Amino acid sequence: QVQLVESGGGLVQAGESLRLSCAASGRTASNYVMGWFRQAPGKEREFVAAIRWSGGNTYYPDSVKGRFTISTDSAKNTVYLQMNSLKPEDTAVYYCAAGSLGAPLQLTAGRGRNYDYWGQGTQVTVSS
């Protein structure tokens with residue numbers, strides 16, 4: 001079992017930044033992929049970013065590329081999502097996920113069903 005706990009959400013104004021954290025505990029594996037997803041009210045869950053623990057390969061959708069950065073701290077077993085130049089349309093509950101996804105990330109990381117474990121989510125609200 002893997003437990004994931006997100007933190008760092010909050011209310012910010014457009015153009016500001018936030019850093020989300022996802023602390024992982026339990027049977028994490030070096031071949032795991034860590035992903036961030038978000039879901040706004042009335043909308044489907046959307047993939048935001050992914051990173052492979054071993055090697056550090058990352059993958060982003062075009063909607064956040066250049067603004068969001070995913071990273072890991074192995075010593076703390078924590079994954080981060082640095083979000084810059086936030087927009088009102090980034091408002092959502094952000095979820096951390098973990099799974100033993102196969103390569104390449106471009107083909108597997110964007111699908112939520114490929115992940116085995118999920119956190120409880122953290123709210124991000126961006127005001128205009």
# chains A, B, ... in the order shown; residues from 1 in each chain; ligands from 1

$ closest_atom_pairs --of "range 41-100 of chain A" --to "range 4-17 of chain A" --cutoff "8 Å" --atoms "only C-alpha atoms" --output "tab-separated table"
residue	atom	partner	partner_atom	distance
A:Gln82	CA	A:Ser17	CA	7.5
A:Met83	CA	A:Ser17	CA	5.4
A:Asn84	CA	A:Ser17	CA	4.4
A:Ser85	CA	A:Gly15	CA	4.1
A:Leu86	CA	A:Gly15	CA	4.9
A:Lys87	CA	A:Ala14	CA	5.0
A:Pro88	CA	A:Ala14	CA	6.3
A:Tyr95	CA	A:Glu6	CA	7.2
A:Cys96	CA	A:Glu6	CA	6.6
A:Ala97	CA	A:Leu4	CA	7.4

$ select_by_dssp --residues "chain A" --states "helix (DSSP H, G or I)" --output "list of chain:residue names"
A:Pro88, A:Glu89, A:Asp90, A:Leu105, A:Gln106, A:Leu107, A:Thr108, A:Gly112, A:Arg113, A:Asn114

$ write_last_selection --atoms "N, CA, C and O atoms" --output "mmCIF file, in the first residue's frame"
data_model
loop_
_atom_site.group_PDB
_atom_site.id
_atom_site.type_symbol
_atom_site.label_atom_id
_atom_site.label_comp_id
_atom_site.auth_asym_id
_atom_site.auth_seq_id
_atom_site.Cartn_x
_atom_site.Cartn_y
_atom_site.Cartn_z
ATOM 1 N N PRO A 88 -7.016 31.887 -13.714
ATOM 2 C CA PRO A 88 -8.284 31.454 -13.106
ATOM 3 C C PRO A 88 -8.705 30.052 -13.568
ATOM 4 O O PRO A 88 -9.293 29.303 -12.776
ATOM 5 N N GLU A 89 -8.390 29.699 -14.789
ATOM 6 C CA GLU A 89 -8.770 28.364 -15.295
ATOM 7 C C GLU A 89 -7.944 27.234 -14.681
ATOM 8 O O GLU A 89 -8.229 26.063 -14.910
ATOM 9 N N ASP A 90 -6.939 27.576 -13.870
ATOM 10 C CA ASP A 90 -6.193 26.558 -13.132
ATOM 11 C C ASP A 90 -6.905 26.175 -11.839
ATOM 12 O O ASP A 90 -6.463 25.251 -11.137
ATOM 13 N N LEU A 105 6.301 7.751 -20.905
ATOM 14 C CA LEU A 105 5.314 8.514 -20.169
ATOM 15 C C LEU A 105 4.277 9.137 -21.092
ATOM 16 O O LEU A 105 3.100 9.263 -20.717
ATOM 17 N N GLN A 106 4.693 9.500 -22.285
ATOM 18 C CA GLN A 106 3.770 10.168 -23.205
ATOM 19 C C GLN A 106 2.566 9.287 -23.539
ATOM 20 O O GLN A 106 1.513 9.780 -23.921
ATOM 21 N N LEU A 107 2.712 7.993 -23.414
ATOM 22 C CA LEU A 107 1.630 7.075 -23.767
ATOM 23 C C LEU A 107 0.825 6.608 -22.567
ATOM 24 O O LEU A 107 -0.297 6.116 -22.742
ATOM 25 N N THR A 108 1.367 6.730 -21.362
ATOM 26 C CA THR A 108 0.712 6.129 -20.200
ATOM 27 C C THR A 108 0.380 7.100 -19.081
ATOM 28 O O THR A 108 -0.598 6.899 -18.361
ATOM 29 N N GLY A 112 -5.645 8.500 -15.910
ATOM 30 C CA GLY A 112 -5.787 8.285 -14.484
ATOM 31 C C GLY A 112 -5.954 6.829 -14.105
ATOM 32 O O GLY A 112 -5.513 6.402 -13.051
ATOM 33 N N ARG A 113 -6.551 6.042 -14.960
ATOM 34 C CA ARG A 113 -6.791 4.640 -14.637
ATOM 35 C C ARG A 113 -5.501 3.834 -14.559
ATOM 36 O O ARG A 113 -5.504 2.702 -14.076
ATOM 37 N N ASN A 114 -4.401 4.393 -15.043
ATOM 38 C CA ASN A 114 -3.119 3.691 -14.978
ATOM 39 C C ASN A 114 -2.447 3.808 -13.614
ATOM 40 O O ASN A 114 -1.437 3.152 -13.374
#

$ closest_residue --among "A:Tyr94, A:Ala75, A:Tyr60, A:Tyr32" --to "Gly121 in chain A" --atoms "only C-alpha atoms"
A:Tyr94

$ closest_residue --among "A:Ala49, A:Ala40, A:Ile70, A:Val64" --to "Ser21 in chain A" --atoms "only C-alpha atoms"
A:Ile70

$ atom_distance --atom1 "CA of Ser63 in chain A" --atom2 "CA of Gly110 in chain A"
12.6 Å

$ closest_residue --among "A:Ala24, A:Ala92, A:Val2, A:Val33" --to "Arg111 in chain A" --atoms "only C-alpha atoms"
A:Val33

$ atom_distance --atom1 "CA of Pro61 in chain A" --atom2 "CA of Thr78 in chain A"
21.6 Å

$ closest_residue --among "A:Tyr117, A:Phe47, A:Tyr80, A:Phe68" --to "Gln1 in chain A" --atoms "only C-alpha atoms"
A:Tyr117

$ residues_around --residues "Ala29 in chain A" --least-positions-apart "6" --cutoff "12 Å" --atoms "only C-alpha atoms" --output "ChimeraX atom specification"
/A:1-2,52-54,74,77,98-101

$ decode --residues "range 5-126 of chain A" --atoms "C-alpha atoms" --output "PDB file, in the first residue's frame"
ATOM      1  CA  VAL A   5      -0.948  13.259   1.222  1.00  0.00           C
ATOM      2  CA  GLU A   6      -1.140  16.524  -0.694  1.00  0.00           C
ATOM      3  CA  SER A   7      -0.626  19.968   0.754  1.00  0.00           C
ATOM      4  CA  GLY A   8       0.100  23.508  -0.355  1.00  0.00           C
ATOM      5  CA  GLY A   9      -3.158  24.499  -1.960  1.00  0.00           C
ATOM      6  CA  GLY A  10      -4.769  27.845  -1.342  1.00  0.00           C
ATOM      7  CA  LEU A  11      -6.187  31.049  -2.770  1.00  0.00           C
ATOM      8  CA  VAL A  12      -3.958  33.189  -4.981  1.00  0.00           C
ATOM      9  CA  GLN A  13      -4.403  35.915  -7.546  1.00  0.00           C
ATOM     10  CA  ALA A  14      -3.831  35.441 -11.258  1.00  0.00           C
ATOM     11  CA  GLY A  15      -0.146  35.598 -12.124  1.00  0.00           C
ATOM     12  CA  GLU A  16       1.015  34.359  -8.741  1.00  0.00           C
ATOM     13  CA  SER A  17       2.652  31.042  -7.874  1.00  0.00           C
ATOM     14  CA  LEU A  18       1.987  28.062  -5.649  1.00  0.00           C
ATOM     15  CA  ARG A  19       3.920  24.924  -4.827  1.00  0.00           C
ATOM     16  CA  LEU A  20       2.016  21.767  -4.070  1.00  0.00           C
ATOM     17  CA  SER A  21       3.576  18.882  -2.171  1.00  0.00           C
ATOM     18  CA  CYS A  22       2.721  15.205  -2.152  1.00  0.00           C
ATOM     19  CA  ALA A  23       4.240  13.149   0.641  1.00  0.00           C
ATOM     20  CA  ALA A  24       4.386   9.437  -0.138  1.00  0.00           C
ATOM     21  CA  SER A  25       4.627   6.682   2.449  1.00  0.00           C
ATOM     22  CA  GLY A  26       4.340   2.940   2.410  1.00  0.00           C
ATOM     23  CA  ARG A  27       5.641   0.617  -0.263  1.00  0.00           C
ATOM     24  CA  THR A  28       6.857   3.139  -2.812  1.00  0.00           C
ATOM     25  CA  ALA A  29       9.026   1.710  -5.559  1.00  0.00           C
ATOM     26  CA  SER A  30      11.802   3.311  -7.532  1.00  0.00           C
ATOM     27  CA  ASN A  31      10.043   2.449 -10.800  1.00  0.00           C
ATOM     28  CA  TYR A  32       6.898   4.295  -9.798  1.00  0.00           C
ATOM     29  CA  VAL A  33       5.552   7.205 -11.772  1.00  0.00           C
ATOM     30  CA  MET A  34       4.120  10.079  -9.770  1.00  0.00           C
ATOM     31  CA  GLY A  35       1.416  12.139 -11.389  1.00  0.00           C
ATOM     32  CA  TRP A  36      -0.609  15.240 -10.708  1.00  0.00           C
ATOM     33  CA  PHE A  37      -4.179  15.589 -11.896  1.00  0.00           C
ATOM     34  CA  ARG A  38      -6.818  18.219 -11.319  1.00  0.00           C
ATOM     35  CA  GLN A  39     -10.568  18.386 -11.419  1.00  0.00           C
ATOM     36  CA  ALA A  40     -12.673  21.515 -11.580  1.00  0.00           C
ATOM     37  CA  PRO A  41     -16.385  21.521 -10.661  1.00  0.00           C
ATOM     38  CA  GLY A  42     -18.457  20.052 -13.452  1.00  0.00           C
ATOM     39  CA  LYS A  43     -15.410  19.040 -15.472  1.00  0.00           C
ATOM     40  CA  GLU A  44     -13.567  15.809 -16.084  1.00  0.00           C
ATOM     41  CA  ARG A  45     -10.325  15.006 -14.339  1.00  0.00           C
ATOM     42  CA  GLU A  46      -7.370  16.469 -16.231  1.00  0.00           C
ATOM     43  CA  PHE A  47      -3.755  15.322 -16.315  1.00  0.00           C
ATOM     44  CA  VAL A  48      -1.269  17.982 -15.232  1.00  0.00           C
ATOM     45  CA  ALA A  49       2.199  16.458 -14.901  1.00  0.00           C
ATOM     46  CA  ALA A  50       4.108  13.238 -14.311  1.00  0.00           C
ATOM     47  CA  ILE A  51       7.591  12.203 -13.269  1.00  0.00           C
ATOM     48  CA  ARG A  52       9.354   8.895 -12.958  1.00  0.00           C
ATOM     49  CA  TRP A  53      11.139   8.404  -9.627  1.00  0.00           C
ATOM     50  CA  SER A  54      14.094   6.713 -11.321  1.00  0.00           C
ATOM     51  CA  GLY A  55      15.615   8.846 -14.025  1.00  0.00           C
ATOM     52  CA  GLY A  56      13.443  11.881 -13.444  1.00  0.00           C
ATOM     53  CA  ASN A  57      11.717  11.792 -16.835  1.00  0.00           C
ATOM     54  CA  THR A  58       8.849  14.249 -16.931  1.00  0.00           C
ATOM     55  CA  TYR A  59       5.802  14.801 -19.071  1.00  0.00           C
ATOM     56  CA  TYR A  60       3.331  17.693 -19.285  1.00  0.00           C
ATOM     57  CA  PRO A  61       0.275  18.488 -21.347  1.00  0.00           C
ATOM     58  CA  ASP A  62       0.418  21.619 -23.500  1.00  0.00           C
ATOM     59  CA  SER A  63      -2.021  23.408 -21.171  1.00  0.00           C
ATOM     60  CA  VAL A  64       0.596  23.734 -18.416  1.00  0.00           C
ATOM     61  CA  LYS A  65       3.909  23.251 -20.222  1.00  0.00           C
ATOM     62  CA  GLY A  66       6.271  26.087 -19.406  1.00  0.00           C
ATOM     63  CA  ARG A  67       4.272  27.167 -16.340  1.00  0.00           C
ATOM     64  CA  PHE A  68       4.237  24.031 -14.158  1.00  0.00           C
ATOM     65  CA  THR A  69       7.229  21.995 -13.040  1.00  0.00           C
ATOM     66  CA  ILE A  70       7.128  18.606 -11.337  1.00  0.00           C
ATOM     67  CA  SER A  71      10.057  17.442  -9.221  1.00  0.00           C
ATOM     68  CA  THR A  72      10.957  14.944  -6.536  1.00  0.00           C
ATOM     69  CA  ASP A  73      12.922  14.878  -3.311  1.00  0.00           C
ATOM     70  CA  SER A  74      13.895  11.273  -2.723  1.00  0.00           C
ATOM     71  CA  ALA A  75      15.191  11.937   0.777  1.00  0.00           C
ATOM     72  CA  LYS A  76      11.770  13.228   1.786  1.00  0.00           C
ATOM     73  CA  ASN A  77       9.803  10.850  -0.458  1.00  0.00           C
ATOM     74  CA  THR A  78       7.958  13.899  -1.690  1.00  0.00           C
ATOM     75  CA  VAL A  79       6.809  15.092  -5.089  1.00  0.00           C
ATOM     76  CA  TYR A  80       6.311  18.764  -5.813  1.00  0.00           C
ATOM     77  CA  LEU A  81       4.313  20.695  -8.365  1.00  0.00           C
ATOM     78  CA  GLN A  82       5.560  24.238  -8.829  1.00  0.00           C
ATOM     79  CA  MET A  83       2.859  26.301 -10.503  1.00  0.00           C
ATOM     80  CA  ASN A  84       3.769  29.699 -11.909  1.00  0.00           C
ATOM     81  CA  SER A  85       1.777  32.337 -13.773  1.00  0.00           C
ATOM     82  CA  LEU A  86      -1.438  30.890 -12.458  1.00  0.00           C
ATOM     83  CA  LYS A  87      -4.670  31.578 -14.294  1.00  0.00           C
ATOM     84  CA  PRO A  88      -8.284  31.454 -13.106  1.00  0.00           C
ATOM     85  CA  GLU A  89      -8.770  28.364 -15.295  1.00  0.00           C
ATOM     86  CA  ASP A  90      -6.193  26.558 -13.132  1.00  0.00           C
ATOM     87  CA  THR A  91      -8.727  26.571 -10.300  1.00  0.00           C
ATOM     88  CA  ALA A  92      -9.430  22.965  -9.303  1.00  0.00           C
ATOM     89  CA  VAL A  93      -8.813  20.282  -6.737  1.00  0.00           C
ATOM     90  CA  TYR A  94      -5.353  18.908  -7.403  1.00  0.00           C
ATOM     91  CA  TYR A  95      -4.653  15.228  -6.817  1.00  0.00           C
ATOM     92  CA  CYS A  96      -1.417  13.318  -6.507  1.00  0.00           C
ATOM     93  CA  ALA A  97      -1.247   9.780  -7.878  1.00  0.00           C
ATOM     94  CA  ALA A  98       1.266   6.936  -7.984  1.00  0.00           C
ATOM     95  CA  GLY A  99       1.593   3.853 -10.129  1.00  0.00           C
ATOM     96  CA  SER A 100       3.997   1.468 -11.788  1.00  0.00           C
ATOM     97  CA  LEU A 101       3.461   2.759 -15.298  1.00  0.00           C
ATOM     98  CA  GLY A 102       5.334   1.490 -18.275  1.00  0.00           C
ATOM     99  CA  ALA A 103       7.409   3.706 -20.537  1.00  0.00           C
ATOM    100  CA  PRO A 104       7.114   5.999 -22.345  1.00  0.00           C
ATOM    101  CA  LEU A 105       5.314   8.514 -20.169  1.00  0.00           C
ATOM    102  CA  GLN A 106       3.770  10.168 -23.205  1.00  0.00           C
ATOM    103  CA  LEU A 107       1.630   7.075 -23.767  1.00  0.00           C
ATOM    104  CA  THR A 108       0.712   6.129 -20.200  1.00  0.00           C
ATOM    105  CA  ALA A 109       1.024   8.988 -17.734  1.00  0.00           C
ATOM    106  CA  GLY A 110      -1.981  10.976 -18.878  1.00  0.00           C
ATOM    107  CA  ARG A 111      -4.550   8.293 -18.050  1.00  0.00           C
ATOM    108  CA  GLY A 112      -5.787   8.285 -14.484  1.00  0.00           C
ATOM    109  CA  ARG A 113      -6.791   4.640 -14.637  1.00  0.00           C
ATOM    110  CA  ASN A 114      -3.119   3.691 -14.978  1.00  0.00           C
ATOM    111  CA  TYR A 115      -2.406   4.856 -11.440  1.00  0.00           C
ATOM    112  CA  ASP A 116      -2.903   2.645  -8.410  1.00  0.00           C
ATOM    113  CA  TYR A 117      -2.898   5.136  -5.555  1.00  0.00           C
ATOM    114  CA  TRP A 118      -4.429   8.570  -5.061  1.00  0.00           C
ATOM    115  CA  GLY A 119      -4.280  11.299  -2.477  1.00  0.00           C
ATOM    116  CA  GLN A 120      -7.256  13.147  -1.034  1.00  0.00           C
ATOM    117  CA  GLY A 121      -6.660  16.310  -3.038  1.00  0.00           C
ATOM    118  CA  THR A 122      -5.876  19.932  -2.253  1.00  0.00           C
ATOM    119  CA  GLN A 123      -7.890  22.936  -3.434  1.00  0.00           C
ATOM    120  CA  VAL A 124      -6.275  25.576  -5.600  1.00  0.00           C
ATOM    121  CA  THR A 125      -8.268  28.716  -6.299  1.00  0.00           C
ATOM    122  CA  VAL A 126      -6.994  31.446  -8.607  1.00  0.00           C
TER     123      VAL A 126
END
